[in-house]
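> Just so it is clear, I am handing over start-v2.txt, which has compact mmCIF, C-alpha atoms.
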# COMPACT_ATOMS: atom_id res chain seq x y z
CA MET A 5 0.00 0.00 0.00
CA SER A 6 1.27 3.45 -0.94
CA THR A 7 2.21 5.77 1.90
CA THR A 8 2.62 8.87 -0.23
CA ARG A 9 0.56 11.95 0.47
CA ILE A 10 0.39 14.05 -2.67
CA VAL A 11 -1.80 17.12 -3.00
CA ALA A 12 -2.20 18.88 -6.35
CA VAL A 13 -3.42 22.46 -6.42
CA SER A 14 -5.15 22.96 -9.73
CA ALA A 15 -7.89 24.80 -11.60
CA TYR A 16 -8.91 25.24 -15.23
CA LYS A 17 -8.98 29.00 -14.73
CA GLY A 18 -5.85 31.07 -14.12
CA GLY A 19 -5.58 33.78 -11.48
CA VAL A 20 -7.67 32.03 -8.84
CA GLY A 21 -4.85 31.82 -6.28
CA LYS A 22 -3.33 28.41 -6.99
CA THR A 23 0.24 29.46 -6.27
CA THR A 24 -0.56 31.18 -2.97
CA VAL A 25 -2.66 28.24 -1.84
CA ALA A 26 0.08 25.77 -2.84
CA ILE A 27 2.82 27.65 -0.98
CA GLU A 28 0.80 28.07 2.20
CA LEU A 29 -0.51 24.52 2.08
CA ALA A 30 3.03 23.16 1.71
CA GLY A 31 4.06 25.37 4.62
CA VAL A 32 1.35 23.99 6.93
CA LEU A 33 1.76 20.35 5.90
CA GLY A 34 5.59 20.49 6.06
CA ALA A 35 5.48 19.28 2.48
CA ILE A 36 7.87 19.59 -0.44
CA LEU A 37 6.44 21.97 -3.00
CA VAL A 38 6.92 20.76 -6.58
CA ASP A 39 6.31 23.59 -9.01
CA CYS A 40 4.88 22.31 -12.28
CA ASP A 41 3.85 25.79 -13.44
CA TRP A 42 6.50 27.15 -15.80
CA ASP A 43 5.12 30.69 -15.99
CA ARG A 44 7.11 33.33 -14.18
CA GLY A 45 4.25 34.17 -11.83
CA GLY A 46 4.36 30.66 -10.41
CA ALA A 47 5.60 29.37 -7.09
CA SER A 48 9.30 29.37 -8.10
CA GLY A 49 9.28 33.09 -8.84
CA THR A 50 7.36 33.86 -5.67
CA TRP A 51 9.72 31.69 -3.66
CA GLY A 52 12.80 33.39 -5.15
CA ALA A 53 14.28 30.50 -7.15
CA ALA A 54 16.36 31.24 -10.25
CA PRO A 55 14.29 30.89 -13.44
CA SER A 56 17.13 28.93 -15.06
CA ASP A 57 16.97 26.17 -12.44
CA GLY A 58 16.29 23.07 -14.53
CA ARG A 59 16.42 20.42 -11.82
CA LEU A 60 12.80 19.33 -12.25
CA LEU A 61 13.18 18.69 -15.97
CA ARG A 62 16.53 16.92 -15.44
CA ALA A 63 14.99 14.75 -12.75
CA LEU A 64 12.08 13.85 -15.02
CA LEU A 65 14.46 12.85 -17.77
CA ARG A 66 16.77 10.85 -15.50
CA ASP A 67 14.06 9.51 -13.18
CA SER A 68 15.91 10.41 -10.01
CA PRO A 69 14.34 12.45 -7.18
CA PRO A 70 15.44 16.10 -7.41
CA ARG A 71 17.01 17.77 -4.40
CA PRO A 72 14.64 20.45 -3.07
CA LEU A 73 15.81 24.02 -2.42
CA ARG A 74 15.69 25.08 1.21
CA ARG A 75 15.36 28.47 2.84
CA PRO A 76 14.01 29.48 6.23
CA GLY A 77 10.41 30.65 6.32
CA ARG A 78 9.57 28.95 3.01
CA PRO A 79 8.50 25.43 2.14
CA ASP A 80 11.16 23.24 0.51
CA LEU A 81 10.84 23.68 -3.23
CA VAL A 82 11.56 21.80 -6.42
CA PRO A 83 11.49 24.78 -8.79
CA SER A 84 10.11 24.93 -12.27
CA SER A 85 11.75 26.40 -15.36
CA PRO A 86 10.41 27.77 -18.68
CA ALA A 87 11.91 24.71 -20.40
CA LEU A 88 9.20 22.62 -18.75
CA ALA A 89 6.70 24.15 -21.20
CA GLU A 90 8.35 22.07 -23.93
CA TRP A 91 7.89 18.83 -22.02
CA ILE A 92 5.34 16.64 -23.74
CA GLY A 93 5.90 13.42 -21.84
CA ASP A 94 3.18 10.91 -21.05
CA PRO A 95 1.22 12.16 -17.99
CA ALA A 96 1.02 8.58 -16.63
CA ILE A 97 4.83 8.22 -16.64
CA VAL A 98 5.35 11.64 -15.01
CA ALA A 99 2.71 10.77 -12.40
CA GLY A 100 4.56 7.55 -11.62
CA ARG A 101 7.80 9.47 -11.16
CA LEU A 102 6.16 12.04 -8.89
CA ARG A 103 4.81 9.22 -6.72
CA ASP A 104 8.25 7.54 -6.63
CA TRP A 105 9.86 10.79 -5.53
CA ALA A 106 7.28 11.30 -2.79
CA GLU A 107 8.04 7.78 -1.59
CA ALA A 108 11.79 8.49 -1.64
CA TRP A 109 11.44 11.81 0.19
CA GLY A 110 9.15 10.28 2.79
CA ARG A 111 7.29 13.56 3.12
CA PRO A 112 4.00 14.99 1.84
CA VAL A 113 4.19 16.67 -1.54
CA VAL A 114 2.20 19.64 -2.78
CA ILE A 115 2.19 20.26 -6.53
CA ASP A 116 1.49 23.69 -7.98
CA THR A 117 0.12 23.34 -11.50
CA HIS A 118 -0.23 25.31 -14.70
CA PRO A 119 -3.85 26.39 -15.42
CA GLY A 120 -5.91 24.22 -17.73
CA ALA A 121 -5.66 20.55 -18.62
CA VAL A 122 -2.12 20.52 -20.07
CA PRO A 123 -0.14 17.24 -19.90
CA MET A 124 2.03 18.31 -16.95
CA THR A 125 -1.05 19.33 -14.97
CA ASP A 126 -2.78 16.07 -15.82
CA ALA A 127 0.30 14.27 -14.51
CA ALA A 128 -0.09 16.11 -11.21
CA TRP A 129 -3.78 15.10 -11.11
CA ALA A 130 -2.90 11.49 -11.81
CA ALA A 131 -0.26 11.47 -9.07
CA ALA A 132 -2.36 13.24 -6.45
CA ASP A 133 -4.32 11.68 -3.62
CA VAL A 134 -6.27 14.91 -3.22
CA VAL A 135 -6.75 17.82 -5.63
CA VAL A 136 -7.38 21.23 -4.12
CA VAL A 137 -9.24 23.55 -6.49
CA PRO A 138 -9.11 27.24 -5.53
CA VAL A 139 -12.26 29.02 -6.68
CA GLY A 140 -12.84 32.73 -7.13
CA ILE A 141 -16.35 33.92 -6.31
CA ALA A 142 -17.09 35.33 -9.76
CA TRP A 143 -18.97 34.00 -12.78
CA PRO A 144 -15.98 33.29 -15.10
CA GLU A 145 -14.27 31.26 -12.35
CA LEU A 146 -17.50 29.44 -11.52
CA ARG A 147 -18.14 28.59 -15.16
CA ALA A 148 -14.62 27.14 -15.43
CA LEU A 149 -15.22 25.23 -12.20
CA GLU A 150 -18.44 23.74 -13.55
CA GLY A 151 -16.54 22.43 -16.57
CA LEU A 152 -13.90 20.91 -14.32
CA LEU A 153 -16.44 19.26 -12.03
CA ALA A 154 -18.45 17.86 -14.93
CA GLU A 155 -15.35 16.22 -16.33
CA ARG A 156 -13.52 15.08 -13.23
CA ALA A 157 -15.58 15.15 -10.04
CA THR A 158 -16.55 11.50 -10.28
CA ALA A 159 -13.01 10.12 -10.36
CA PHE A 160 -10.93 12.43 -8.16
CA THR A 161 -10.96 13.43 -4.51
CA LEU A 162 -11.54 17.15 -4.86
CA ILE A 163 -11.62 19.91 -2.29
CA LEU A 164 -12.97 23.25 -3.42
CA ALA A 165 -11.21 26.15 -1.73
CA PRO A 166 -13.31 29.33 -2.05
CA ASN A 167 -10.69 32.04 -2.31
CA ARG A 168 -10.79 35.81 -1.79
CA VAL A 169 -14.23 35.63 -0.22
CA ARG A 170 -15.34 39.01 1.06
CA ASP A 171 -17.04 38.79 4.38
CA ARG A 172 -18.52 42.28 4.25
CA ALA A 173 -19.83 42.35 0.72
CA VAL A 174 -21.10 38.85 0.21
CA ILE A 175 -22.00 38.10 -3.39
CA ARG A 176 -24.97 35.84 -2.78
CA PRO A 177 -25.85 34.58 -6.28
CA GLN A 178 -22.28 33.44 -6.89
CA LEU A 179 -22.01 31.84 -3.45
CA LYS A 180 -25.32 30.04 -4.03
CA ALA A 181 -24.06 28.79 -7.39
CA LEU A 182 -20.91 27.44 -5.74
CA VAL A 183 -22.90 25.70 -2.99
CA ASN A 184 -25.25 24.17 -5.58
CA MET A 185 -22.33 22.92 -7.65
CA ALA A 186 -20.65 21.36 -4.62
CA ARG A 187 -23.90 19.63 -3.64
CA THR A 188 -24.69 18.47 -7.18
CA TYR A 189 -21.27 16.90 -7.70
CA GLY A 190 -20.82 15.79 -4.07
CA VAL A 191 -17.55 17.64 -3.66
CA ALA A 192 -16.07 18.77 -0.33
CA VAL A 193 -15.67 22.48 0.32
CA ALA A 194 -12.97 23.91 2.57
CA PRO A 195 -13.67 26.87 4.87
CA PRO A 196 -13.44 29.99 2.72
CA ILE A 197 -10.19 31.94 2.48
CA GLY A 198 -10.78 35.64 3.07
CA ASP A 199 -10.04 38.50 0.72
CA TYR A 200 -6.68 40.02 1.62
CA PRO A 201 -5.97 42.78 -0.90
CA TRP A 202 -2.46 43.26 0.48
CA LEU A 203 -1.48 39.68 -0.27
CA PRO A 204 -0.70 40.11 -4.02
CA ARG A 205 1.33 43.24 -3.21
CA ARG A 206 3.36 41.53 -0.47
CA ARG A 207 7.08 41.62 -1.15
CA ARG A 208 8.26 39.13 1.43
CA ARG A 209 8.80 35.71 0.01
CA SER A 210 8.17 33.77 3.19
CA ALA A 211 5.01 31.71 3.59
CA LEU A 212 2.42 33.41 5.80
CA VAL A 213 1.93 30.26 7.84
CA LEU A 214 5.67 30.08 8.59
CA SER A 215 6.02 33.70 9.76
CA PRO A 216 7.63 33.63 13.21
CA ASN A 217 6.02 36.88 14.43
CA PRO A 218 2.91 37.45 12.36
CA GLY A 219 0.97 40.67 12.67
CA ARG A 220 -2.79 40.58 13.01
CA ALA A 221 -3.47 40.60 9.24
CA VAL A 222 -0.94 37.85 8.51
CA ALA A 223 -2.21 35.76 11.42
CA ALA A 224 -5.80 36.02 10.12
CA ALA A 225 -4.78 34.95 6.62
CA ALA A 226 -2.58 32.14 7.98
CA ALA A 227 -5.51 30.85 10.03
CA ASP A 228 -7.57 30.53 6.84
CA PHE A 229 -4.84 28.49 5.16
CA ARG A 230 -4.49 26.27 8.25
CA SER A 231 -8.23 25.54 8.10
CA LEU A 232 -7.80 24.52 4.47
CA ALA A 233 -4.84 22.30 5.39
CA HIS A 234 -6.93 20.66 8.10
CA LYS A 235 -9.58 19.82 5.52
CA VAL A 236 -6.89 18.41 3.22
CA GLU A 237 -5.51 16.22 6.01
CA GLN A 238 -9.00 14.87 6.66
CA ALA A 239 -9.31 13.96 2.98
CA LEU A 240 -5.84 12.37 2.89
CA ALA A 241 -6.77 10.18 5.85
CA VAL A 242 -9.62 8.64 3.83
CA GLY A 243 -7.17 6.82 1.56
CA ALA A 244 -5.92 6.74 -2.02
CA PRO A 245 -8.45 7.15 -4.85
CA GLU A 246 -9.10 4.61 -7.58
CA ARG A 247 -6.28 5.16 -10.08
CA GLN A 248 -7.77 3.16 -12.95
CA LYS A 249 -10.90 5.32 -13.09
CA GLN A 250 -8.78 8.46 -12.94
CA ALA A 251 -6.65 7.32 -15.87
CA GLU A 252 -9.83 6.72 -17.90
CA VAL A 253 -11.17 10.19 -17.09
CA LEU A 254 -7.87 11.86 -18.00
CA GLU A 255 -7.75 9.87 -21.21
CA ALA A 256 -11.31 10.90 -22.06
CA THR A 257 -10.55 14.59 -21.38
CA HIS A 258 -7.97 14.60 -24.13
CA GLY A 259 -10.07 12.55 -26.52
CA MET B 27 -16.46 14.17 6.11
CA ALA B 28 -17.97 17.30 7.65
CA ASP B 29 -18.48 20.02 5.10
CA ASP B 30 -17.38 22.98 7.22
CA GLY B 31 -16.91 25.11 4.14
CA LEU B 32 -20.41 24.49 2.86
CA ASP B 33 -21.86 25.35 6.27
CA THR B 34 -19.88 28.59 6.37
CA LEU B 35 -20.95 29.57 2.86
CA GLU B 36 -24.59 28.82 3.59
CA GLU B 37 -24.39 30.88 6.75
CA MET B 38 -22.95 33.77 4.72
CA ILE B 39 -25.79 33.46 2.23
CA ARG B 40 -28.40 33.46 5.01
CA ARG B 41 -26.87 36.41 6.86
CA PRO B 42 -29.25 39.41 6.77
CA ARG B 43 -28.33 42.28 4.55
CA ARG B 44 -27.25 45.52 6.16
CA VAL B 45 -29.69 48.35 5.59
CA THR B 46 -29.77 52.07 6.16
CA PRO B 47 -32.42 53.39 8.54
CA SER B 48 -35.71 54.48 7.06
CA LEU B 49 -36.12 58.19 6.42
CA ALA B 50 -39.43 58.09 8.25
CA GLY B 51 -37.58 57.37 11.46
CA GLY B 52 -38.35 53.65 11.57
CA ARG B 53 -35.98 51.09 12.98
CA PRO B 54 -33.53 49.59 10.56
CA ARG B 55 -34.47 46.03 9.66
CA ASN B 56 -31.13 44.83 10.97
CA ALA B 57 -30.67 46.55 14.30
CA ASP B 58 -26.95 45.69 14.36
CA ALA B 59 -26.34 47.32 11.03
CA PRO B 60 -24.23 50.47 10.99
CA THR B 61 -26.27 53.65 10.96
CA TYR B 62 -25.93 56.65 8.76
CA ALA B 63 -23.16 58.11 10.90
CA GLY B 64 -20.84 55.17 10.76
CA GLY B 65 -21.90 52.89 7.99
CA GLY B 66 -23.44 53.99 4.77
CA VAL B 67 -24.08 50.58 3.37
CA LYS B 68 -26.24 50.27 0.27
CA SER B 69 -29.41 48.32 0.66
CA SER B 70 -31.45 46.90 -2.15
CA SER B 71 -34.67 46.20 -0.29
CA PRO B 72 -35.74 48.52 2.53
CA PRO B 73 -37.89 47.19 5.37
CA ASP B 74 -41.61 46.69 4.84
CA VAL B 75 -41.62 48.31 1.44
CA PRO B 76 -42.58 46.65 -1.82
CA THR B 77 -39.37 46.59 -3.84
CA SER B 78 -41.03 48.23 -6.84
CA SER B 79 -41.73 51.44 -4.97
CA HIS B 80 -38.40 52.86 -3.96
CA LYS B 81 -35.71 54.91 -5.53
CA GLU B 82 -32.14 55.75 -4.69
CA VAL B 83 -30.73 59.15 -3.96
CA VAL B 84 -27.01 59.73 -3.71
CA VAL B 85 -26.22 61.88 -0.70
CA PRO B 86 -22.70 63.27 -0.29
CA ARG B 87 -21.59 62.58 3.26
CA ARG B 88 -20.43 65.53 5.25
CA THR B 89 -18.98 63.59 8.14
CA LYS B 90 -15.26 62.93 7.92
CA VAL B 91 -14.52 59.30 7.26
CA ALA B 92 -11.42 57.76 8.83
CA MET B 93 -9.40 56.43 5.95
CA LYS B 94 -7.76 53.04 5.93
CA GLY B 95 -4.04 53.46 5.31
CA GLY B 96 -3.88 56.99 6.70
CA GLY B 97 -5.10 59.05 3.73
CA ASP B 98 -6.65 62.35 4.79
CA ARG B 99 -9.31 62.65 2.09
CA PRO B 100 -11.92 60.00 1.51
CA SER B 101 -12.70 59.06 -2.06
CA PHE B 102 -15.97 60.15 -3.64
CA ALA B 103 -17.25 56.61 -3.29
CA ALA B 104 -16.47 56.69 0.44
CA ARG B 105 -18.27 59.99 0.86
CA LYS B 106 -21.49 59.06 -0.85
CA LEU B 107 -24.36 57.20 0.64
CA GLN B 108 -27.36 55.64 -1.02
CA VAL B 109 -30.75 55.67 0.60
CA GLN B 110 -34.04 54.31 -0.56
CA LEU B 111 -37.33 56.09 -0.38
CA ARG B 112 -40.87 54.91 -0.27
CA VAL B 113 -43.34 56.30 -2.80
CA GLU B 114 -44.90 58.68 -0.26
CA GLN B 115 -41.47 59.83 0.89
CA GLU B 116 -40.54 60.51 -2.69
CA GLU B 117 -43.73 62.54 -3.21
CA TRP B 118 -43.00 64.51 -0.07
CA LEU B 119 -39.50 65.14 -1.33
CA HIS B 120 -40.81 66.45 -4.64
CA ARG B 121 -43.21 68.74 -2.78
CA ILE B 122 -40.32 70.21 -0.80
CA VAL B 123 -38.31 70.76 -3.97
CA ALA B 124 -41.36 72.44 -5.59
CA ASP B 125 -41.94 74.61 -2.49
CA GLY B 126 -38.32 75.66 -2.63
CA LEU B 127 -38.62 76.67 -6.27
CA ARG B 128 -41.73 78.71 -5.44
CA ASP B 129 -39.72 80.50 -2.75
CA GLY B 130 -36.89 81.03 -5.21
CA VAL B 131 -34.63 78.39 -3.63
CA ARG B 132 -33.16 75.66 -5.74
CA VAL B 133 -33.13 72.53 -3.58
CA SER B 134 -31.79 69.22 -4.80
CA GLU B 135 -33.21 65.88 -3.72
CA ALA B 136 -29.86 64.98 -2.19
CA ASP B 137 -29.92 68.17 -0.06
CA VAL B 138 -33.34 67.29 1.29
CA VAL B 139 -32.35 63.74 2.17
CA ARG B 140 -29.08 64.81 3.75
CA VAL B 141 -30.68 67.44 6.00
CA ALA B 142 -33.45 65.01 6.89
CA MET B 143 -30.96 62.33 7.89
CA ASP B 144 -28.79 64.77 9.83
CA ARG B 145 -31.83 65.75 11.86
CA LEU B 146 -32.90 62.15 12.35
CA ARG B 147 -29.47 61.40 13.69
CA GLU B 148 -29.72 64.27 16.13
CA GLY B 149 -33.14 63.01 17.27
CA ARG B 150 -35.01 66.00 15.84
CA ALA B 151 -37.38 64.19 13.57
CA GLY B 152 -40.51 66.34 13.53
CA TRP B 153 -41.79 66.40 9.97
CA SER B 154 -43.42 69.84 10.10
CA GLU B 155 -40.28 71.64 11.21
CA LEU B 156 -38.12 69.47 8.99
CA ARG B 157 -39.53 71.08 5.83
CA GLU B 158 -38.80 74.56 7.17
CA ALA B 159 -35.32 73.53 8.29
CA ILE B 160 -34.44 72.15 4.89
CA LEU B 161 -35.56 75.31 3.10
CA ALA B 162 -33.82 77.51 5.67
CA GLU B 163 -30.55 75.67 5.39
CA THR B 164 -30.64 75.65 1.63
CA LYS B 165 -31.43 79.38 1.55
CA GLN B 166 -28.55 80.01 3.91
CA ARG B 167 -26.18 78.02 1.76
CA SER B 168 -27.27 79.73 -1.44
CA ARG B 169 -26.62 83.08 0.26
CA ARG B 170 -23.10 81.93 1.19
CA ARG B 171 -22.44 81.05 -2.45
Write the structure described by the file as structure tokens, please.

Amino acid sequence: MSTTRIVAVSAYKGGVGKTTVAIELAGVLGAILVDCDWDRGGASGTWGAAPSDGRLLRALLRDSPPRPLRRPGRPDLVPSSPALAEWIGDPAIVAGRLRDWAEAWGRPVVIDTHPGAVPMTDAAWAAADVVVVPVGIAWPELRALEGLLAERATAFTLILAPNRVRDRAVIRPQLKALVNMARTYGVAVAPPIGDYPWLPRRRRRSALVLSPNPGRAVAAAAADFRSLAHKVEQALAVGAPERQKQAEVLEATHG
Amino acid sequence: MADDGLDTLEEMIRRPRRVTPSLAGGRPRNADAPTYAGGGVKSSSPPDVPTSSHKEVVVPRRTKVAMKGGGDRPSFAARKLQVQLRVEQEEWLHRIVADGLRDGVRVSEADVVRVAMDRLREGRAGWSELREAILAETKQRSRRR
């Protein structure tokens, strides 16, 4: 029986907060963050890794676990590089390698993904025990979510993470739509993450949840991410999903 | 698995909307809601009023608003407040505006609402004197200009 604990953070829509969620989640879980998003705005850039760091691609080619980067206040990271965009390997093989690495590291793994259903993202889905889907409370994000749920909710253990939810100006129709979708597809929903307008402007590269002396605002945001991590741990405790069914769904997605 | 997130979202959906107090001096539907002085939250359905019979009037706030981040001047959006009027309130408002014109005073709807709300806040809510007060204040202001 596999002892790996792999969490993919993914969504069809970009700009919903995948990278932030992945970094904070890795921080809470003490996980290694594997960045499979080659765009510059991804976790590697936020973390402060050099864009030319090609260790992930090299490790995929050689099938040996990459050595994660380490810095205080940040989760250990296997950085991405723009060259990863050229990678067109079989998602099933990449997924197998990701699971082997998690086994070798003996630690949980959080994978930050590129938006959409590109092969590298599908590999992360195939490797994951749980997929966290950050959701913005707006119609374009909800439409993208509906597409994702229709295609994949039956085969994967999903946790919807409502992100940037304003407590003061609640947008009821959108919230209702999200609740209806979660009920229709029987998907778990994590406690909402609040709207912190300062977060995208933050210059510090450390994870909020690893801040040694957080101020009130950071502590509030970190508490939201800890609640999400708690939900993820609950889902991980349930056990590994059925891989065969997942492979069929991923195959069907790409025709 | 307990769906904490779903519970929280449903609670947010059920939470009552914040409303501004009625111009007629009635209690706000949500007693905990901020009042004119401190809040200024837009409401889309005032208490006990059919939704088809109200209108919105933008009232520039005169009270100084403490700005987040230390700015000394609130934005226009922060200074304006939207209130909703019942049909009879709106008719009364039009009468005041017409009275003002007859007396040679140009009164805007926003002026009327603002003076009315200022007086409500101060606990001086008598309707008969309110009309006179509105015209007097507007006359005074037009003289200053």
> Near region 209-214 of chain A, counting only C-alpha atoms, which residues have an atom at most 9 Å away, once you skip same-chain residues fewer than 5 positions from it, shown as a PyMOL selection string?
chain A and resi 24+27-32+50-52+75-79+222-223+225-227+229-230
> Provide the CA of Ser84 (chain A) to CA of Arg208 (chain A) distance in Å, to one decimal place.
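About the pair CA of Ser84 (chain A) and CA of Arg208 (chain A): they are 19.8 Å apart.
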> Could you list the residues in chain B lying within 7 Å of chain A, using all atoms listed in the file, and format the result as a ChimeraX atom specification?
/B:29-32,34-35,39
> So how far away is CA of Ala12 (chain A) from CA of Val236 (chain A), in Å?
10.7 Å
> As an exercise, work out the distance from CA of Ala127 (chain A) to CA of Ala63 (chain A) in Å and give it to one decimal place.
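Going from CA of Ala127 (chain A) over to CA of Ala63 (chain A) covers 14.8 Å.
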> Find the spatial neighbours of region 34-36 of chain A, counting all atoms listed in the file, within a cut-off of 9 Å - ignore same-chain residues fewer than 2 positions away - and output them as a list in words.
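Using all atoms listed in the file, the neighbours found are Ile10, Leu29, Ala30, Gly31, Val32, Val38, Pro72, Pro79, Asp80, Leu81, Val82, Ala106, Trp109, Arg111, Pro112, Val113, Val114 and Ile115 of chain A.
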> With a distance cut-off of 7 Å and all atoms listed in the file, select the neighbouring residues of region 119-135 of chain B, excluding the residue or stretch itself and same-chain residues fewer than 3 positions from it, and output the selection as a PyMOL selection string.
chain B and resi 115-116+138-139+157+161+164-165
> Kindly export the residues of the current selection with C-alpha atoms, as a CSV table (one decimal), in the coordinates of the input.

chain,number,residue,atom,x,y,z
B,115,GLN,CA,-41.5,59.8,0.9
B,116,GLU,CA,-40.5,60.5,-2.7
B,138,VAL,CA,-33.3,67.3,1.3
B,139,VAL,CA,-32.4,63.7,2.2
B,157,ARG,CA,-39.5,71.1,5.8
B,161,LEU,CA,-35.6,75.3,3.1
B,164,THR,CA,-30.6,75.6,1.6
B,165,LYS,CA,-31.4,79.4,1.6
> Can you tell me, as a VMD selection string, which residues sit within 10 Å of (-20.4, 13.1, -6.4) in the file's frame, using only C-alpha atoms?
chain A and resid 153 to 154 156 to 162 186 to 192
> Could you add the missing atoms to region 224-243 of chain A, up to N, CA and C atoms, and return them as a short mmCIF file (atom, residue, chain, number, x, y, z; two decimals), keeping the file's coordinate frame?

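Writing done, so here's result_14.cif:
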data_model
loop_
_atom_site.label_atom_id
_atom_site.label_comp_id
_atom_site.auth_asym_id
_atom_site.auth_seq_id
_atom_site.Cartn_x
_atom_site.Cartn_y
_atom_site.Cartn_z
N ALA A 224 -4.43 36.34 10.58
CA ALA A 224 -5.80 36.02 10.12
C ALA A 224 -5.74 35.22 8.83
N ALA A 225 -4.88 35.67 7.89
CA ALA A 225 -4.78 34.95 6.62
C ALA A 225 -4.21 33.54 6.85
N ALA A 226 -3.19 33.45 7.71
CA ALA A 226 -2.58 32.14 7.98
C ALA A 226 -3.60 31.18 8.58
N ALA A 227 -4.49 31.71 9.41
CA ALA A 227 -5.51 30.85 10.03
C ALA A 227 -6.41 30.24 8.96
N ASP A 228 -6.73 31.04 7.93
CA ASP A 228 -7.57 30.53 6.84
C ASP A 228 -6.87 29.37 6.13
N PHE A 229 -5.56 29.54 5.88
CA PHE A 229 -4.84 28.49 5.16
C PHE A 229 -4.68 27.24 6.04
N ARG A 230 -4.57 27.44 7.35
CA ARG A 230 -4.49 26.27 8.25
C ARG A 230 -5.80 25.49 8.24
N SER A 231 -6.92 26.22 8.17
CA SER A 231 -8.23 25.54 8.10
C SER A 231 -8.31 24.70 6.82
N LEU A 232 -7.81 25.27 5.73
CA LEU A 232 -7.80 24.52 4.47
C LEU A 232 -6.93 23.27 4.61
N ALA A 233 -5.75 23.45 5.22
CA ALA A 233 -4.84 22.30 5.39
C ALA A 233 -5.48 21.21 6.25
N HIS A 234 -6.24 21.63 7.24
CA HIS A 234 -6.93 20.66 8.10
C HIS A 234 -7.91 19.82 7.27
N LYS A 235 -8.62 20.51 6.40
CA LYS A 235 -9.58 19.82 5.52
C LYS A 235 -8.84 18.83 4.60
N VAL A 236 -7.68 19.27 4.10
CA VAL A 236 -6.89 18.41 3.22
C VAL A 236 -6.42 17.17 3.98
N GLU A 237 -5.97 17.37 5.22
CA GLU A 237 -5.51 16.22 6.01
C GLU A 237 -6.63 15.22 6.25
N GLN A 238 -7.83 15.75 6.49
CA GLN A 238 -9.00 14.87 6.66
C GLN A 238 -9.21 14.02 5.40
N ALA A 239 -9.09 14.67 4.25
CA ALA A 239 -9.31 13.96 2.98
C ALA A 239 -8.20 12.94 2.73
N LEU A 240 -6.96 13.30 3.09
CA LEU A 240 -5.84 12.37 2.89
C LEU A 240 -6.01 11.12 3.76
N ALA A 241 -6.60 11.30 4.93
CA ALA A 241 -6.77 10.18 5.85
C ALA A 241 -7.74 9.14 5.31
N VAL A 242 -8.61 9.57 4.36
CA VAL A 242 -9.62 8.64 3.83
C VAL A 242 -8.98 7.54 2.99
N GLY A 243 -7.85 7.85 2.34
CA GLY A 243 -7.17 6.82 1.56
C GLY A 243 -7.02 7.21 0.09
#
